$ cat structure.cif   # mmCIF, C-alpha atoms and all ligand atoms
data_work
loop_
_atom_site.label_atom_id
_atom_site.label_comp_id
_atom_site.auth_asym_id
_atom_site.auth_seq_id
_atom_site.Cartn_x
_atom_site.Cartn_y
_atom_site.Cartn_z
CA MET D 1 130.27 65.99 92.62
CA ASP D 2 133.92 66.59 91.63
CA ARG D 3 133.73 70.38 91.88
CA TRP D 4 132.72 70.06 95.55
CA LYS D 5 135.80 68.10 96.64
CA GLY D 6 137.59 69.98 99.44
CA ARG D 7 134.87 72.59 99.77
CA VAL D 8 133.07 73.32 103.02
CA ALA D 9 129.56 72.15 103.91
CA LEU D 10 127.77 72.88 107.17
CA VAL D 11 125.24 70.21 108.16
CA THR D 12 123.07 71.04 111.17
CA GLY D 13 121.77 68.17 113.30
CA ALA D 14 124.56 65.85 112.16
CA SER D 15 124.62 63.68 115.30
CA VAL D 16 121.96 61.17 114.19
CA GLY D 17 119.33 60.44 111.56
CA ILE D 18 119.09 62.22 108.23
CA GLY D 19 121.76 64.80 109.13
CA ALA D 20 124.30 62.11 110.05
CA ALA D 21 123.56 60.28 106.78
CA ILE D 22 123.95 63.48 104.72
CA ALA D 23 127.20 64.40 106.49
CA LYS D 24 128.66 60.92 105.91
CA SER D 25 127.69 60.94 102.26
CA LEU D 26 129.24 64.37 101.62
CA VAL D 27 132.47 63.26 103.33
CA GLN D 28 132.47 60.16 101.13
CA TYR D 29 132.32 62.50 98.12
CA GLY D 30 135.31 64.47 99.38
CA MET D 31 133.79 67.49 101.09
CA LYS D 32 135.01 69.11 104.28
CA VAL D 33 131.88 68.84 106.42
CA VAL D 34 131.31 70.76 109.63
CA GLY D 35 128.65 68.71 111.41
CA CYS D 36 126.98 70.41 114.34
CA ALA D 37 124.60 69.31 117.09
CA ARG D 38 124.49 69.28 120.89
CA ASN D 39 125.60 65.63 121.17
CA VAL D 40 129.00 66.20 119.62
CA LYS D 41 130.33 62.81 120.81
CA GLN D 42 128.08 61.06 118.28
CA ILE D 43 129.52 63.22 115.50
CA GLU D 44 133.03 62.38 116.72
CA THR D 45 132.16 58.68 116.43
CA LEU D 46 130.81 59.26 112.92
CA ALA D 47 133.98 61.20 112.02
CA ALA D 48 136.10 58.22 113.16
CA GLU D 49 133.95 55.89 111.01
CA CYS D 50 134.55 58.16 108.01
CA VAL D 51 138.31 57.94 108.60
CA SER D 52 138.27 54.14 108.97
CA SER D 53 136.15 53.84 105.82
CA GLY D 54 138.87 55.73 103.93
CA PHE D 55 136.54 58.50 102.74
CA SER D 56 138.37 61.29 100.96
CA GLY D 57 136.69 64.16 102.81
CA THR D 58 136.66 65.05 106.50
CA LEU D 59 133.95 65.41 109.10
CA ILE D 60 134.63 68.14 111.63
CA PRO D 61 132.42 67.88 114.73
CA TYR D 62 131.19 71.15 116.25
CA LYS D 63 129.08 71.43 119.39
CA CYS D 64 126.27 73.91 118.95
CA ASP D 65 122.86 74.38 120.52
CA LEU D 66 120.89 75.94 117.69
CA THR D 67 118.37 77.51 120.08
CA VAL D 68 121.12 79.93 121.17
CA GLU D 69 121.89 82.50 118.47
CA GLU D 70 125.29 83.37 120.01
CA GLU D 71 126.36 79.74 119.62
CA ILE D 72 125.38 79.78 115.93
CA LEU D 73 127.26 83.05 115.35
CA SER D 74 130.34 81.72 117.18
CA MET D 75 130.22 78.61 114.99
CA PHE D 76 130.26 80.72 111.79
CA THR D 77 133.13 82.83 113.18
CA TRP D 78 135.03 79.62 113.99
CA ILE D 79 134.38 78.20 110.50
CA LYS D 80 135.61 81.46 108.96
CA GLY D 81 138.80 81.32 111.05
CA GLN D 82 139.54 77.64 110.50
CA HIS D 83 138.08 76.85 107.07
CA LYS D 84 137.48 80.27 105.39
CA GLY D 85 133.70 79.91 105.15
CA VAL D 86 130.66 77.89 104.16
CA ASP D 87 129.97 76.90 100.53
CA VAL D 88 127.01 74.61 101.22
CA CYS D 89 124.59 75.01 104.12
CA ILE D 90 122.27 72.12 104.89
CA ASN D 91 119.64 73.17 107.40
CA ASN D 92 118.64 69.73 108.61
CA ALA D 93 118.17 69.99 112.41
CA GLY D 94 114.52 69.80 113.31
CA LEU D 95 112.16 68.33 115.83
CA ALA D 96 108.58 67.99 116.95
CA HIS D 97 106.92 68.03 120.35
CA PRO D 98 103.43 66.56 120.85
CA GLU D 99 101.80 69.88 121.76
CA PRO D 100 98.37 70.32 120.11
CA LEU D 101 97.09 73.77 119.24
CA LEU D 102 94.23 73.61 121.77
CA SER D 103 96.22 72.35 124.73
CA GLY D 104 99.96 72.31 123.98
CA LYS D 105 102.68 73.93 126.05
CA THR D 106 104.24 77.17 124.82
CA THR D 107 107.71 75.86 125.74
CA GLY D 108 107.36 73.06 123.19
CA TRP D 109 106.07 75.44 120.50
CA ARG D 110 108.96 77.84 121.23
CA ASN D 111 111.55 75.07 120.91
CA MET D 112 110.13 74.01 117.53
CA LEU D 113 110.13 77.62 116.34
CA ASN D 114 113.68 78.17 117.61
CA VAL D 115 115.17 75.13 115.87
CA ASN D 116 112.94 74.55 112.84
CA VAL D 117 112.48 78.19 111.82
CA LEU D 118 114.78 80.68 113.58
CA ALA D 119 118.00 78.66 113.59
CA LEU D 120 117.41 77.73 109.95
CA SER D 121 117.01 81.44 109.12
CA VAL D 122 120.08 82.52 111.10
CA CYS D 123 122.22 79.80 109.47
CA THR D 124 120.87 80.78 106.05
CA ARG D 125 121.74 84.45 106.56
CA GLU D 126 125.21 83.71 107.92
CA ALA D 127 125.95 81.17 105.18
CA TYR D 128 124.88 83.65 102.47
CA GLN D 129 127.03 86.41 104.00
CA SER D 130 129.96 83.98 104.14
CA MET D 131 129.52 83.12 100.46
CA LYS D 132 129.07 86.77 99.45
CA GLU D 133 132.21 88.04 101.22
CA ARG D 134 134.28 85.34 99.48
CA LYS D 135 132.54 85.89 96.10
CA VAL D 136 131.27 82.31 96.08
CA ASP D 137 128.60 82.34 93.36
CA ASP D 138 127.75 78.64 93.19
CA GLY D 139 126.85 78.02 96.85
CA GLN D 140 123.88 75.97 97.97
CA ILE D 141 121.43 76.47 100.81
CA ILE D 142 119.36 73.34 101.31
CA ASN D 143 116.50 73.16 103.81
CA ILE D 144 115.31 69.77 105.01
CA ASN D 145 111.58 70.35 105.02
CA SER D 146 108.87 67.65 105.20
CA ILE D 147 105.66 66.60 103.50
CA CYS D 148 104.20 68.39 106.53
CA GLY D 149 105.43 71.60 104.91
CA HIS D 150 102.96 71.11 102.08
CA ARG D 151 99.82 69.62 103.59
CA VAL D 152 98.10 69.56 106.96
CA ILE D 153 97.52 66.04 108.21
CA ASN D 154 94.79 65.75 110.85
CA HIS D 155 97.07 64.75 113.70
CA PRO D 156 96.99 67.23 116.62
CA ASP D 157 100.43 66.19 117.96
CA GLY D 158 101.93 67.41 114.70
CA HIS D 159 99.98 70.59 113.99
CA PHE D 160 102.47 73.10 115.40
CA TYR D 161 105.34 71.17 113.77
CA THR D 162 103.38 71.36 110.51
CA GLY D 163 103.11 75.14 110.95
CA SER D 164 106.89 75.35 111.39
CA LYS D 165 107.44 73.29 108.22
CA TYR D 166 104.99 75.45 106.22
CA ALA D 167 107.24 78.32 107.34
CA VAL D 168 110.21 76.44 105.84
CA THR D 169 108.35 76.22 102.50
CA ALA D 170 107.70 79.98 102.55
CA LEU D 171 111.23 80.82 103.72
CA THR D 172 112.80 78.73 100.96
CA GLU D 173 110.70 80.45 98.29
CA GLY D 174 111.40 83.88 99.81
CA LEU D 175 115.11 83.05 99.85
CA ARG D 176 114.98 81.97 96.20
CA GLN D 177 113.40 85.32 95.29
CA GLU D 178 115.95 87.34 97.30
CA LEU D 179 118.83 85.43 95.72
CA ARG D 180 117.42 86.13 92.25
CA GLU D 181 117.11 89.85 93.11
CA ALA D 182 120.73 89.78 94.31
CA LYS D 183 121.73 88.37 90.88
CA THR D 184 123.66 85.49 92.38
CA HIS D 185 123.73 81.88 91.28
CA ILE D 186 123.58 80.61 94.86
CA ARG D 187 120.70 78.15 94.98
CA ALA D 188 117.91 77.69 97.52
CA THR D 189 116.38 74.23 97.72
CA CYS D 190 114.05 72.40 100.02
CA ILE D 191 113.79 68.65 100.27
CA SER D 192 110.56 67.27 101.73
CA PRO D 193 110.87 63.68 102.93
CA GLY D 194 107.96 61.48 103.95
CA LEU D 195 108.39 59.16 106.93
CA VAL D 196 112.02 58.15 107.60
CA LYS D 197 112.97 55.83 110.45
CA THR D 198 115.27 57.90 112.69
CA GLU D 199 115.20 59.09 116.30
CA PHE D 200 112.59 61.69 115.29
CA ALA D 201 109.46 59.86 116.53
CA TYR D 202 111.31 58.49 119.60
CA ARG D 203 112.19 62.05 120.57
CA LEU D 204 108.65 63.23 119.78
CA TYR D 205 107.21 60.53 122.04
CA CYS D 206 110.11 60.36 124.47
CA ASP D 207 107.86 59.07 127.28
CA LYS D 208 105.94 56.62 125.05
CA PRO D 209 108.30 54.64 122.80
CA GLU D 210 105.39 52.38 121.81
CA MET D 211 103.81 55.39 120.04
CA ALA D 212 107.06 55.91 118.11
CA ASP D 213 107.14 52.21 117.18
CA ALA D 214 103.54 52.49 116.01
CA THR D 215 104.43 55.53 113.87
CA TYR D 216 107.14 53.61 112.05
CA ASN D 217 105.22 50.31 111.89
CA ARG D 218 102.13 51.89 110.33
CA ILE D 219 103.68 51.92 106.88
CA LYS D 220 106.61 50.10 105.34
CA ILE D 221 109.61 52.42 105.13
CA GLY D 222 113.17 51.89 103.98
CA ASP D 223 116.50 52.69 105.58
CA ILE D 224 118.23 55.98 104.88
CA GLU D 225 120.30 55.82 101.72
CA ILE D 226 121.66 59.06 100.31
CA THR D 227 123.15 59.04 96.84
CA PRO D 228 123.98 62.45 95.40
CA VAL D 229 123.03 62.58 91.72
CA GLU D 230 125.95 63.79 89.61
CA ASP D 231 125.88 67.60 89.50
CA SER D 232 122.72 67.84 91.60
CA LEU D 233 124.63 69.86 94.19
N1 LIG D 301 112.23 61.31 110.27
C1 LIG D 301 111.22 61.68 109.51
O1 LIG D 301 110.26 60.92 109.29
C2 LIG D 301 111.22 63.04 108.83
C3 LIG D 301 110.28 63.28 107.83
C4 LIG D 301 110.27 64.51 107.19
C5 LIG D 301 111.17 65.48 107.56
N2 LIG D 301 112.06 65.25 108.54
C6 LIG D 301 112.98 66.34 108.89
O2 LIG D 301 114.30 65.88 108.73
C7 LIG D 301 115.17 66.60 109.61
C8 LIG D 301 116.04 65.61 110.39
O3 LIG D 301 115.16 64.77 111.14
P1 LIG D 301 115.58 63.32 111.63
O4 LIG D 301 114.47 62.42 111.29
O5 LIG D 301 116.95 62.99 111.20
O6 LIG D 301 115.51 63.58 113.22
P2 LIG D 301 116.41 63.05 114.42
O7 LIG D 301 116.91 61.68 114.14
O8 LIG D 301 115.57 63.27 115.64
O9 LIG D 301 117.64 64.08 114.42
C9 LIG D 301 117.42 65.43 114.72
C10 LIG D 301 118.75 66.18 114.70
O10 LIG D 301 118.48 67.57 115.04
C11 LIG D 301 119.42 67.96 116.03
N3 LIG D 301 118.89 68.98 116.93
C12 LIG D 301 117.68 69.02 117.54
N4 LIG D 301 117.62 70.07 118.36
C13 LIG D 301 118.83 70.72 118.26
C14 LIG D 301 119.39 71.87 118.87
N5 LIG D 301 118.72 72.59 119.80
N6 LIG D 301 120.65 72.22 118.52
C15 LIG D 301 121.35 71.50 117.64
N7 LIG D 301 120.88 70.41 117.01
C16 LIG D 301 119.62 70.03 117.34
C17 LIG D 301 119.71 66.68 116.81
O11 LIG D 301 120.99 66.78 117.44
P3 LIG D 301 121.25 66.80 119.02
O12 LIG D 301 120.06 66.25 119.71
O13 LIG D 301 122.49 66.00 119.16
O14 LIG D 301 121.48 68.26 119.31
C18 LIG D 301 119.74 65.65 115.70
O15 LIG D 301 121.02 65.58 115.13
C19 LIG D 301 114.26 67.47 110.49
O16 LIG D 301 114.25 68.79 110.02
C20 LIG D 301 112.90 66.82 110.33
O17 LIG D 301 111.85 67.75 110.52
C21 LIG D 301 112.11 64.04 109.19
#
$ encode --input "structure.cif" --output "structure tokens" --more "lines below"
Ligand SMILES: NC(=O)c1ccc[n+]([C@@H]2O[C@H](COP(=O)([O-])OP(=O)(O)OC[C@H]3O[C@@H](n4cnc5c(N)ncnc54)[C@H](OP(=O)(O)O)[C@@H]3O)[C@@H](O)[C@H]2O)c1
Amino acid sequence: MDRWKGRVALVTGASVGIGAAIAKSLVQYGMKVVGCARNVKQIETLAAECVSSGFSGTLIPYKCDLTVEEEILSMFTWIKGQHKGVDVCINNAGLAHPEPLLSGKTTGWRNMLNVNVLALSVCTREAYQSMKERKVDDGQIININSICGHRVINHPDGHFYTGSKYAVTALTEGLRQELREAKTHIRATCISPGLVKTEFAYRLYCDKPEMADATYNRIKIGDIEITPVEDSL
């Protein structure tokens, strides 16, 4: 991880859950991490924890609603002005709404598409352009996908979400092919976790926390622990 010390990573959805854990871990390894989400106060608290833990990197909170393209573009402009640009882009923000294909609300589908697919694509494009203009040839674009991006589980509440994660699988492979065509060494990766205990299911079932509890109690799962393997980034 030494070569990443002092370099800039953008982590979307850094206020809680997997994104917060990734952001904290990268700060521990010395990176300058711009963590974005709507609930910026939670990222500020995490940033203070990083300081009190004596981590060598820094966490820079940035408030951004990823459903609004202008806010994403302003964030990249701000990063360029303050920190030169993005070397690592971790597209982590994602969510599900319980809206089945036969009866679900379009608003829920649109929100999943906006965050899980469109925002990920806009951040990817802007991060690549940022790397290209600074001749960064070892950048990383990492999409937090899901096992739902690889197989369809018969669970109507998750079918549209599954469609959005299949899109992430296709977008990551398409990105890999475009990067190869562009003869760059920037890497495209997707990571596909199984069930992780975060706010995800509580947000999915915001009116029925017992359903979220049931989701996490169904199988034994561990806490989030992120350990970068040497040179995996
Ligand atoms: N938990 C699991 O079991 C699991 C399994 C496989 C894959 N995943 C994937 O892992 C990723 C992270 O999930 P998680 O479990 O950590 O979920 P989480 O605890 O619910 O966190 C979701 C994050 O996304 C952010 N977000 C949502 N909508 C946003 C918006 N409009 N603008 C900006 N940020 C937004 C949230 O921030 P704010 O609300 O503060 O904006 C939050 O930081 C997702 O892509 C998810 O699909 C999760």
$ residues_near_ligand --input "structure.cif" --ligand "ligand LIG 301 (chain D)" --cutoff "9 Å" --atoms "only C-alpha atoms and all ligand atoms" --output "PyMOL selection string"
chain D and resi 12-21+36-43+63-68+91-96+111-112+114-116+119+143-149+161+165+191-204+216
$ closest_residue --input "structure.cif" --among "D:Gly139, D:Ser25, D:Met131, D:His150" --to "Thr162 of chain D" --atoms "all atoms listed in the file"
D:His150
$ closest_residue --input "structure.cif" --among "D:Leu179, D:Leu101, D:Ile226, D:Met1" --to "Gly158 of chain D" --atoms "only C-alpha atoms"
D:Leu101
$ atom_distance --input "structure.cif" --atom1 "atom CA of Tyr166 of chain D" --atom2 "atom CA of Ala188 of chain D"
15.7 Å
$ closest_residue --input "structure.cif" --among "D:Lys32, D:Lys208, D:Lys105, D:Arg176" --to "Phe160 of chain D" --atoms "only C-alpha atoms"
D:Lys105
$ residues_around --input "structure.cif" --residues "segment 71-86 of chain D" --least-positions-apart "6" --cutoff "8 Å" --atoms "all atoms listed in the file" --output "list in words"
Val8, Ala9, Leu10, Tyr62, Cys64, Asp65, Ala119, Val122, Cys123, Glu126, Ala127, Ser130, Met131 and Arg134 of chain D
$ write_last_selection --input "structure.cif" --atoms "C-alpha atoms" --output "compact mmCIF listing (two decimals), keeping the file's coordinate frame"
# COMPACT_ATOMS: atom_id res chain seq x y z
CA VAL D 8 133.07 73.32 103.02
CA ALA D 9 129.56 72.15 103.91
CA LEU D 10 127.77 72.88 107.17
CA TYR D 62 131.19 71.15 116.25
CA CYS D 64 126.27 73.91 118.95
CA ASP D 65 122.86 74.38 120.52
CA ALA D 119 118.00 78.66 113.59
CA VAL D 122 120.08 82.52 111.10
CA CYS D 123 122.22 79.80 109.47
CA GLU D 126 125.21 83.71 107.92
CA ALA D 127 125.95 81.17 105.18
CA SER D 130 129.96 83.98 104.14
CA MET D 131 129.52 83.12 100.46
CA ARG D 134 134.28 85.34 99.48
$ closest_residue --input "structure.cif" --among "D:Cys206, D:Val34, D:Pro61, D:Ile221" --to "Pro98 of chain D" --atoms "only C-alpha atoms"
D:Cys206
$ closest_residue --input "structure.cif" --among "D:Tyr205, D:Val33, D:Val11, D:Leu120" --to "Ala167 of chain D" --atoms "only C-alpha atoms"
D:Leu120
$ closest_residue --input "structure.cif" --among "D:Gly54, D:Gly108, D:Pro209, D:Pro100" --to "Asn154 of chain D" --atoms "all atoms listed in the file"
D:Pro100
$ residues_around --input "structure.cif" --residues "Ala182 of chain D" --least-positions-apart "4" --cutoff "12 Å" --atoms "only C-alpha atoms" --output "ChimeraX atom specification"
/D:128,132,137,175-178,186-187
$ atom_distance --input "structure.cif" --atom1 "atom CA of Phe55 of chain D" --atom2 "atom CA of Cys89 of chain D"
20.4 Å
$ atom_distance --input "structure.cif" --atom1 "atom CA of Ile224 of chain D" --atom2 "atom CA of Ala23 of chain D"
12.4 Å
$ decode --input "structure.cif" --residues "segment 31-56 of chain D" --atoms "N, CA and C atoms" --output "compact mmCIF listing (two decimals), in the first residue's frame"
# COMPACT_ATOMS: atom_id res chain seq x y z
N MET D 31 -3.93 7.24 2.87
CA MET D 31 -4.49 7.95 1.71
C MET D 31 -5.27 9.19 2.14
N LYS D 32 -5.40 10.11 1.18
CA LYS D 32 -6.26 11.28 1.35
C LYS D 32 -7.60 10.86 0.76
N VAL D 33 -8.59 10.69 1.63
CA VAL D 33 -9.87 10.13 1.17
C VAL D 33 -10.96 11.19 1.19
N VAL D 34 -11.55 11.44 0.03
CA VAL D 34 -12.75 12.28 -0.01
C VAL D 34 -13.93 11.31 0.14
N GLY D 35 -14.63 11.43 1.26
CA GLY D 35 -15.79 10.57 1.51
C GLY D 35 -17.04 11.38 1.27
N CYS D 36 -17.91 10.89 0.40
CA CYS D 36 -19.12 11.67 0.13
C CYS D 36 -20.38 10.89 0.48
N ALA D 37 -21.42 11.63 0.81
CA ALA D 37 -22.76 11.09 1.09
C ALA D 37 -23.63 12.30 1.40
N ARG D 38 -24.93 12.04 1.62
CA ARG D 38 -25.81 13.16 2.00
C ARG D 38 -25.62 13.49 3.47
N ASN D 39 -25.48 12.48 4.32
CA ASN D 39 -25.34 12.71 5.77
C ASN D 39 -23.87 12.98 6.10
N VAL D 40 -23.45 14.21 5.79
CA VAL D 40 -22.02 14.52 5.90
C VAL D 40 -21.56 14.55 7.37
N LYS D 41 -22.49 14.81 8.28
CA LYS D 41 -22.13 14.85 9.71
C LYS D 41 -21.51 13.53 10.16
N GLN D 42 -22.07 12.42 9.64
CA GLN D 42 -21.53 11.11 10.04
C GLN D 42 -20.10 10.93 9.52
N ILE D 43 -19.83 11.50 8.36
CA ILE D 43 -18.46 11.40 7.82
C ILE D 43 -17.52 12.30 8.64
N GLU D 44 -18.06 13.44 9.10
CA GLU D 44 -17.24 14.33 9.95
C GLU D 44 -16.87 13.60 11.26
N THR D 45 -17.81 12.85 11.80
CA THR D 45 -17.54 12.10 13.03
C THR D 45 -16.46 11.04 12.76
N LEU D 46 -16.60 10.36 11.62
CA LEU D 46 -15.62 9.35 11.24
C LEU D 46 -14.22 9.98 11.03
N ALA D 47 -14.23 11.19 10.44
CA ALA D 47 -12.96 11.89 10.20
C ALA D 47 -12.28 12.20 11.53
N ALA D 48 -13.09 12.62 12.52
CA ALA D 48 -12.54 12.93 13.85
C ALA D 48 -11.98 11.65 14.49
N GLU D 49 -12.66 10.53 14.30
CA GLU D 49 -12.17 9.25 14.84
C GLU D 49 -10.82 8.88 14.21
N CYS D 50 -10.70 9.15 12.91
CA CYS D 50 -9.44 8.84 12.21
C CYS D 50 -8.30 9.68 12.79
N VAL D 51 -8.61 10.95 13.10
CA VAL D 51 -7.58 11.82 13.69
C VAL D 51 -7.21 11.30 15.07
N SER D 52 -8.22 10.98 15.90
CA SER D 52 -7.89 10.54 17.27
C SER D 52 -7.22 9.18 17.28
N SER D 53 -7.42 8.38 16.22
CA SER D 53 -6.72 7.09 16.15
C SER D 53 -5.29 7.24 15.66
N GLY D 54 -4.94 8.47 15.23
CA GLY D 54 -3.56 8.72 14.77
C GLY D 54 -3.26 8.15 13.40
N PHE D 55 -4.30 7.95 12.59
CA PHE D 55 -4.07 7.42 11.23
C PHE D 55 -3.27 8.43 10.41
N SER D 56 -2.45 7.90 9.49
CA SER D 56 -1.55 8.82 8.78
C SER D 56 -2.23 9.55 7.62
